[in-house]
$ cat run.txt   # compact mmCIF, C-alpha atoms and all ligand atoms
# COMPACT_ATOMS: atom_id res chain seq x y z
CA MET G 1 122.48 -40.19 61.73
CA GLN G 2 121.40 -39.82 58.11
CA GLN G 3 121.23 -43.60 57.71
CA GLN G 4 118.96 -43.82 60.75
CA GLN G 5 116.66 -41.20 59.27
CA ALA G 6 116.50 -43.02 55.97
CA LYS G 7 115.27 -46.13 57.78
CA LYS G 8 112.54 -44.27 59.62
CA LYS G 9 109.11 -45.74 59.14
CA ASN G 10 106.76 -43.58 57.07
CA GLN G 11 103.21 -44.18 58.21
CA ARG G 12 101.68 -42.46 55.20
CA VAL G 13 103.63 -44.69 52.78
CA GLU G 14 102.45 -47.74 54.68
CA GLU G 15 98.84 -46.54 54.73
CA VAL G 16 98.77 -45.71 51.01
CA PHE G 17 100.55 -48.90 49.98
CA ASP G 18 98.18 -51.07 52.04
CA LEU G 19 95.23 -49.38 50.34
CA PHE G 20 96.88 -49.80 46.95
CA ILE G 21 97.31 -53.55 47.51
CA LYS G 22 93.75 -53.87 48.82
CA HIS G 23 92.31 -52.34 45.64
CA MET G 24 94.93 -54.01 43.45
CA LYS G 25 93.58 -57.38 44.54
CA SER G 26 90.09 -56.69 43.23
CA PHE G 27 91.55 -55.04 40.13
CA LEU G 28 93.63 -58.17 39.41
CA GLN G 29 90.62 -60.41 39.84
CA GLU G 30 88.61 -58.30 37.44
CA ALA G 31 91.41 -57.89 34.88
CA LYS G 32 92.37 -61.60 35.10
CA LEU G 33 96.01 -60.64 34.60
CA ASN G 34 98.26 -63.58 33.79
CA HIS G 35 101.91 -63.92 34.70
CA GLU G 36 103.21 -63.22 31.20
CA GLU G 37 101.25 -59.98 31.14
CA TYR G 38 102.75 -59.08 34.49
CA THR G 39 106.33 -59.70 33.29
CA ASN G 40 105.59 -57.79 30.05
CA PHE G 41 104.39 -54.89 32.17
CA VAL G 42 107.54 -54.94 34.33
CA ASP G 43 109.73 -55.00 31.21
CA TRP G 44 107.81 -52.08 29.69
CA ALA G 45 107.93 -50.09 32.94
CA ASP G 46 111.68 -50.75 33.18
CA ARG G 47 112.20 -49.37 29.67
CA LEU G 48 109.95 -46.41 30.49
CA GLY G 49 112.18 -45.54 33.44
CA LYS G 50 115.44 -46.08 31.57
CA LYS G 51 114.26 -43.78 28.76
CA GLY G 52 113.42 -41.09 31.34
CA GLU G 53 109.74 -41.18 30.37
CA LEU G 54 108.25 -41.94 33.76
CA PRO G 55 107.33 -38.26 34.41
CA LEU G 56 105.89 -38.00 30.89
CA TYR G 57 103.78 -41.12 31.28
CA ALA G 58 102.58 -40.21 34.77
CA ASP G 59 101.76 -36.61 33.84
CA VAL G 60 99.88 -37.62 30.71
CA PHE G 61 97.98 -40.66 31.95
CA LEU G 62 97.65 -40.32 35.72
CA GLU G 63 97.94 -36.71 36.87
CA THR G 64 94.51 -35.64 35.66
CA HIS G 65 92.86 -38.45 37.67
CA VAL G 66 94.73 -37.44 40.81
CA LEU G 67 93.50 -33.86 40.35
CA GLN G 68 89.91 -34.84 39.60
CA ALA G 69 89.80 -37.07 42.69
CA MET G 70 91.05 -34.14 44.79
CA TYR G 71 89.18 -31.19 43.33
CA SER G 72 86.12 -31.99 41.24
CA LYS G 73 83.74 -31.27 44.13
CA MET G 74 85.57 -28.25 45.50
CA PRO G 75 84.81 -24.58 44.82
CA GLY G 76 87.27 -22.50 42.81
CA THR G 77 88.90 -23.00 39.44
CA GLN G 78 89.65 -26.64 38.63
CA PRO G 79 93.33 -27.44 38.37
CA SER G 80 94.73 -29.16 35.31
CA LEU G 81 98.01 -30.94 34.96
CA LEU G 82 101.33 -29.27 35.58
CA GLY G 83 102.80 -31.55 32.90
CA PRO G 84 106.44 -32.29 32.22
CA TYR G 85 107.35 -28.95 30.59
CA PHE G 86 107.39 -26.58 33.55
CA VAL G 87 110.77 -25.14 34.53
CA GLU G 88 111.65 -23.00 37.53
CA GLY G 89 113.31 -19.62 37.16
CA SER G 90 111.33 -17.87 34.41
CA PRO G 91 112.02 -14.14 33.99
CA LEU G 92 109.93 -11.46 35.70
CA VAL G 93 107.79 -9.61 33.15
CA GLU G 94 106.85 -6.00 33.89
CA SER G 95 105.05 -3.27 31.98
CA GLU G 96 104.01 0.35 32.21
CA PRO G 97 100.59 0.88 33.83
CA GLY G 98 97.83 0.22 31.30
CA GLN G 99 100.17 -1.65 28.96
CA PRO G 100 100.02 -5.43 28.54
CA LEU G 101 102.81 -7.58 29.86
CA VAL G 102 104.84 -9.15 27.06
CA LEU G 103 105.95 -12.74 27.49
CA PRO G 104 109.62 -13.18 26.42
CA LYS G 105 109.80 -14.04 22.72
CA ARG G 106 112.16 -13.86 19.78
CA PRO G 107 112.02 -10.67 17.68
CA ASP G 108 110.66 -12.70 14.75
CA GLU G 109 108.56 -15.10 16.84
CA PRO G 110 106.28 -16.96 14.39
CA GLY G 111 102.62 -17.28 15.28
CA GLU G 112 99.45 -15.29 15.75
CA VAL G 113 99.61 -12.52 18.34
CA LEU G 114 97.42 -13.19 21.37
CA TYR G 115 96.30 -10.78 24.06
CA PHE G 116 95.14 -12.83 27.04
CA LYS G 117 93.32 -11.16 29.93
CA GLY G 118 92.55 -12.69 33.28
CA ASN G 119 91.25 -11.86 36.70
CA VAL G 120 92.12 -13.65 39.93
CA SER G 121 89.76 -13.67 42.91
CA ASN G 122 89.06 -15.78 45.98
CA ILE G 123 86.01 -18.00 46.41
CA ASP G 124 84.14 -15.09 48.03
CA GLY G 125 84.62 -12.98 44.91
CA GLN G 126 87.27 -10.68 46.36
CA PRO G 127 89.99 -9.77 43.84
CA LEU G 128 93.46 -11.06 44.68
CA ALA G 129 95.92 -8.26 44.01
CA ASN G 130 99.63 -8.98 43.68
CA THR G 131 99.10 -12.67 42.91
CA HIS G 132 102.20 -14.32 41.45
CA VAL G 133 101.29 -15.65 37.98
CA GLU G 134 103.53 -17.99 36.04
CA MET G 135 102.76 -18.65 32.37
CA TRP G 136 104.36 -20.98 29.85
CA HIS G 137 103.29 -22.47 26.52
CA ASN G 138 104.61 -23.87 23.28
CA ASP G 139 105.75 -22.03 20.16
CA ASN G 140 104.62 -22.24 16.56
CA SER G 141 106.75 -25.34 15.99
CA ALA G 142 104.62 -26.98 18.72
CA LYS G 143 107.66 -27.17 20.99
CA TYR G 144 108.58 -25.86 24.43
CA SER G 145 111.67 -23.77 25.14
CA ASN G 146 114.19 -25.41 27.51
CA PHE G 147 113.14 -28.78 26.02
CA ASP G 148 112.96 -29.52 22.30
CA SER G 149 112.47 -26.07 20.74
CA ASP G 150 115.26 -24.22 18.90
CA ALA G 151 114.18 -21.09 20.79
CA PRO G 152 116.37 -19.70 23.59
CA ASP G 153 115.72 -20.88 27.13
CA PHE G 154 112.68 -19.26 28.75
CA ASN G 155 111.17 -18.26 25.42
CA LEU G 156 107.38 -17.92 25.96
CA ARG G 157 107.84 -18.35 29.69
CA GLY G 158 107.51 -15.65 32.31
CA HIS G 159 106.06 -14.61 35.64
CA PHE G 160 104.30 -11.44 36.72
CA TYR G 161 101.82 -10.10 39.30
CA THR G 162 98.15 -9.16 39.18
CA ASP G 163 97.28 -5.49 39.64
CA GLU G 164 95.23 -4.00 42.50
CA ASN G 165 92.02 -5.40 40.95
CA GLY G 166 93.41 -8.90 40.50
CA ASP G 167 93.68 -8.29 36.74
CA PHE G 168 96.44 -9.03 34.28
CA GLU G 169 96.88 -8.81 30.51
CA VAL G 170 99.60 -10.64 28.62
CA LYS G 171 100.73 -10.29 25.04
CA THR G 172 102.10 -13.51 23.59
CA ILE G 173 101.33 -15.81 20.65
CA VAL G 174 98.51 -18.32 20.29
CA PRO G 175 99.75 -21.76 21.41
CA ILE G 176 99.10 -24.67 19.05
CA PRO G 177 98.11 -28.32 19.53
CA TYR G 178 101.06 -30.67 19.96
CA SER G 179 101.93 -34.31 20.12
CA ILE G 180 103.52 -35.81 23.19
CA PRO G 181 106.73 -37.75 22.35
CA THR G 182 105.90 -41.05 20.64
CA ASP G 183 109.31 -42.60 19.98
CA GLY G 184 109.63 -44.47 23.29
CA PRO G 185 107.65 -46.73 25.63
CA THR G 186 104.97 -44.02 26.05
CA GLY G 187 104.39 -44.08 22.28
CA GLU G 188 104.35 -47.86 22.40
CA PHE G 189 101.58 -47.67 25.01
CA LEU G 190 99.60 -45.26 22.80
CA GLU G 191 99.79 -47.76 19.95
CA TYR G 192 98.48 -50.56 22.17
CA MET G 193 95.60 -48.29 23.17
CA ASP G 194 94.97 -47.10 19.60
CA GLN G 195 95.06 -43.58 21.03
CA HIS G 196 96.45 -40.54 19.22
CA SER G 197 99.18 -38.52 20.90
CA MET G 198 97.72 -35.00 20.57
CA ARG G 199 96.94 -32.38 23.15
CA PRO G 200 94.69 -29.41 22.29
CA ALA G 201 96.39 -26.00 22.29
CA HIS G 202 96.71 -24.60 25.80
CA LEU G 203 98.33 -22.00 27.99
CA HIS G 204 99.89 -23.33 31.18
CA ILE G 205 99.29 -21.03 34.11
CA MET G 206 100.09 -21.17 37.82
CA PHE G 207 98.90 -18.78 40.54
CA GLN G 208 100.39 -18.23 43.99
CA ALA G 209 98.78 -15.89 46.52
CA GLU G 210 99.34 -15.64 50.26
CA GLY G 211 96.83 -17.65 52.29
CA HIS G 212 95.68 -19.55 49.19
CA GLU G 213 96.35 -22.93 47.71
CA THR G 214 98.62 -22.74 44.66
CA LEU G 215 96.47 -23.13 41.55
CA ILE G 216 98.08 -24.93 38.61
CA THR G 217 95.86 -25.09 35.59
CA GLN G 218 95.58 -24.68 31.82
CA VAL G 219 93.51 -22.57 29.43
CA PHE G 220 91.99 -24.16 26.32
CA PHE G 221 90.29 -22.63 23.28
CA GLU G 222 86.82 -23.40 21.95
CA GLY G 223 86.76 -25.11 18.58
CA ASP G 224 90.10 -26.92 18.98
CA GLU G 225 89.79 -30.29 17.25
CA TRP G 226 91.53 -32.17 20.08
CA LEU G 227 89.41 -30.97 23.03
CA GLU G 228 87.29 -34.12 23.23
CA THR G 229 90.14 -36.59 22.90
CA ASP G 230 93.05 -34.81 24.64
CA VAL G 231 95.57 -37.59 25.27
CA ALA G 232 96.14 -36.23 28.79
CA GLU G 233 92.42 -35.64 29.52
CA GLY G 234 93.30 -32.22 30.91
CA VAL G 235 90.34 -30.26 29.50
CA ARG G 236 87.62 -28.99 31.88
CA ASP G 237 84.62 -26.99 30.63
CA GLU G 238 85.41 -24.04 32.86
CA LEU G 239 88.95 -23.83 31.45
CA LEU G 240 87.65 -23.16 27.94
CA THR G 241 87.72 -19.70 26.45
CA LYS G 242 86.96 -18.18 23.08
CA LEU G 243 89.69 -16.95 20.74
CA GLU G 244 88.28 -13.74 19.31
CA ASP G 245 89.58 -12.65 15.95
CA LYS G 246 90.55 -8.98 15.98
CA GLY G 247 92.10 -8.80 12.52
CA ASP G 248 95.82 -8.65 13.15
CA HIS G 249 95.62 -10.39 16.53
CA LYS G 250 93.48 -12.66 18.69
CA GLU G 251 92.02 -11.93 22.11
CA ALA G 252 90.91 -14.26 24.87
CA SER G 253 90.12 -14.03 28.56
CA LEU G 254 89.32 -16.17 31.55
CA ASP G 255 88.76 -15.57 35.25
CA PHE G 256 90.37 -17.69 37.94
CA VAL G 257 89.24 -18.41 41.50
CA MET G 258 91.69 -19.53 44.19
CA ARG G 259 90.85 -21.65 47.22
CA PRO G 260 91.90 -20.59 50.73
CA LEU G 261 94.50 -22.76 52.47
FE FE X 301 101.54 -28.34 27.63

$ encode --input "run.txt" --output "C-alpha cells" --more "lines below"
Ligand SMILES: [Fe+2]
Amino acid sequence: MQQQQAKKKNQRVEEVFDLFIKHMKSFLQEAKLNHEEYTNFVDWADRLGKKGELPLYADVFLETHVLQAMYSKMPGTQPSLLGPYFVEGSPLVESEPGQPLVLPKRPDEPGEVLYFKGNVSNIDGQPLANTHVEMWHNDNSAKYSNFDSDAPDFNLRGHFYTDENGDFEVKTIVPIPYSIPTDGPTGEFLEYMDQHSMRPAHLHIMFQAEGHETLITQVFFEGDEWLETDVAEGVRDELLTKLEDKGDHKEASLDFVMRPL
C-alpha cells in the first residue's frame, strides 16, 4: 500500500518542474553554460549535500527570493528568512503583569542588555491578543545555541504570548552581526562570487495567531554596517528599527502586521 502511494503522480511537482525546465532553457541560452561548467556544478552540489550544507545554501541564497516573489506586493509585515538556526521546542517565557519577559540566558550572559517592545495587529489595525511569539537570536560570540555556541540548549530562545492589546516586551541581549559558515562548499561559492559572509545583527521572530498566516521575519538595527550587503539579502526597510541608548541598556521596538488566512 505504502509503495503504491509513493508512486502516486504529483501534479504540482510535474507543473513546477515543467515550468522550471521551460525557464531553464532560456537561462541556459543566456548563460551559455558549457558542459564542463555543468559537471563542475554537479560536483559542487554533490559536495554541498554531503557536507549537509544544502539547507544553509538554500536559506542564504534562495529563501529571500522565494519570499519576495510571494509577499512584496501584499499588505502586512514582510517576512524574512527563517534561516537554518530555528529549532522547535523553545521554553515558554512568562512574567508578572507589567514586567518584561526575559528570554532564557546564562547568569553571566555577555552582551548589552536589550529591551525589545512590539505590537501585533491584523491588516485592519485590530490588535491581536494572545498571539504566539517565538524569538531566537545569537549570543555575544556570534553563535546560536543548539548549534555552535558553548551556551546551553535553548539559550536566547523562547516563546510567549502577546497581551490583550497585542503588545509584548522582552528583555534579552543585543544580537551581533555574524558570518555564515565558510569552511565548506558554501564558503567556496562565496569566494567565487567575491562576496563576504556577513549578516547584519538581527532578531529572529515568528508569530502565530488563529485565522492568520504564520509570519516569520527578522528585526534589524539602523546603522549596522552589513545592512546593505547582507549575504542572505534578508533586510527590508520596514524591518529596521533604532537601537536607543539608555545608558546601561538599549531599547528598540517594532510593530508587526499579520495577514488573514
Ligand atoms: Fe540569524

$ closest_residue --input "run.txt" --among "G:Leu56, G:Met24, G:Leu190, G:Leu240" --to "ligand FE 301 (chain X)" --atoms "all atoms listed in the file"
G:Leu56

$ residues_near_ligand --input "run.txt" --ligand "ligand FE 301 (chain X)" --cutoff "10 Å" --atoms "all atoms listed in the file" --output "mmCIF file with C-alpha atoms, in the coordinates of the input"
data_model
loop_
_atom_site.group_PDB
_atom_site.id
_atom_site.type_symbol
_atom_site.label_atom_id
_atom_site.label_comp_id
_atom_site.auth_asym_id
_atom_site.auth_seq_id
_atom_site.Cartn_x
_atom_site.Cartn_y
_atom_site.Cartn_z
ATOM 1 C CA VAL G 60 99.880 -37.620 30.710
ATOM 2 C CA LEU G 81 98.010 -30.940 34.960
ATOM 3 C CA LEU G 82 101.330 -29.270 35.580
ATOM 4 C CA GLY G 83 102.800 -31.550 32.900
ATOM 5 C CA PRO G 84 106.440 -32.290 32.220
ATOM 6 C CA TYR G 85 107.350 -28.950 30.590
ATOM 7 C CA PHE G 86 107.390 -26.580 33.550
ATOM 8 C CA TRP G 136 104.360 -20.980 29.850
ATOM 9 C CA HIS G 137 103.290 -22.470 26.520
ATOM 10 C CA ASN G 138 104.610 -23.870 23.280
ATOM 11 C CA ALA G 142 104.620 -26.980 18.720
ATOM 12 C CA LYS G 143 107.660 -27.170 20.990
ATOM 13 C CA TYR G 144 108.580 -25.860 24.430
ATOM 14 C CA PRO G 175 99.750 -21.760 21.410
ATOM 15 C CA ILE G 176 99.100 -24.670 19.050
ATOM 16 C CA PRO G 177 98.110 -28.320 19.530
ATOM 17 C CA TYR G 178 101.060 -30.670 19.960
ATOM 18 C CA SER G 179 101.930 -34.310 20.120
ATOM 19 C CA ILE G 180 103.520 -35.810 23.190
ATOM 20 C CA ARG G 199 96.940 -32.380 23.150
ATOM 21 C CA PRO G 200 94.690 -29.410 22.290
ATOM 22 C CA ALA G 201 96.390 -26.000 22.290
ATOM 23 C CA HIS G 202 96.710 -24.600 25.800
ATOM 24 C CA LEU G 203 98.330 -22.000 27.990
ATOM 25 C CA HIS G 204 99.890 -23.330 31.180
ATOM 26 C CA GLN G 218 95.580 -24.680 31.820
ATOM 27 C CA ALA G 232 96.140 -36.230 28.790
ATOM 28 C CA GLY G 234 93.300 -32.220 30.910
#

$ residues_around --input "run.txt" --residues "Phe160 in chain G" --least-positions-apart "2" --cutoff "9 Å" --atoms "only C-alpha atoms" --output "ChimeraX atom specification"
/G:91-94,101,130-135,158,162,168

$ write_last_selection --input "run.txt" --atoms "C-alpha atoms" --output "tab-separated table (two decimals), in the coordinates of the input"
chain	number	residue	atom	x	y	z
G	91	PRO	CA	112.02	-14.14	33.99
G	92	LEU	CA	109.93	-11.46	35.70
G	93	VAL	CA	107.79	-9.61	33.15
G	94	GLU	CA	106.85	-6.00	33.89
G	101	LEU	CA	102.81	-7.58	29.86
G	130	ASN	CA	99.63	-8.98	43.68
G	131	THR	CA	99.10	-12.67	42.91
G	132	HIS	CA	102.20	-14.32	41.45
G	133	VAL	CA	101.29	-15.65	37.98
G	134	GLU	CA	103.53	-17.99	36.04
G	135	MET	CA	102.76	-18.65	32.37
G	158	GLY	CA	107.51	-15.65	32.31
G	162	THR	CA	98.15	-9.16	39.18
G	168	PHE	CA	96.44	-9.03	34.28

$ residues_around --input "run.txt" --residues "range 116-118 of chain G" --least-positions-apart "3" --cutoff "8 Å" --atoms "all atoms listed in the file" --output "list in words"
Asp167, Phe168, Glu169, Val170, Lys171, Thr172, Glu251, Ala252, Ser253, Leu254, Asp255 and Phe256 of chain G

$ closest_residue --input "run.txt" --among "G:Thr241, G:Thr217, G:Gln99, G:Ser197" --to "Pro79 in chain G" --atoms "only C-alpha atoms"
G:Thr217

$ closest_residue --input "run.txt" --among "G:Thr186, G:Ile21, G:Glu112, G:Glu88" --to "Leu54 in chain G" --atoms "only C-alpha atoms"
G:Thr186

$ closest_residue --input "run.txt" --among "G:Glu233, G:Pro104, G:Gly166, G:Lys8" --to "Val66 in chain G" --atoms "only C-alpha atoms"
G:Glu233

$ closest_residue --input "run.txt" --among "G:Ala69, G:Met74, G:Met258, G:Val13" --to "Glu213 in chain G" --atoms "only C-alpha atoms"
G:Met258

$ residues_around --input "run.txt" --residues "Glu53 in chain G" --least-positions-apart "5" --cutoff "8 Å" --atoms "only C-alpha atoms" --output "NGL selection string"
:G and (48 or 184-186)

$ atom_distance --input "run.txt" --atom1 "CA of Asp108 in chain G" --atom2 "CA of Phe220 in chain G"
24.8 Å
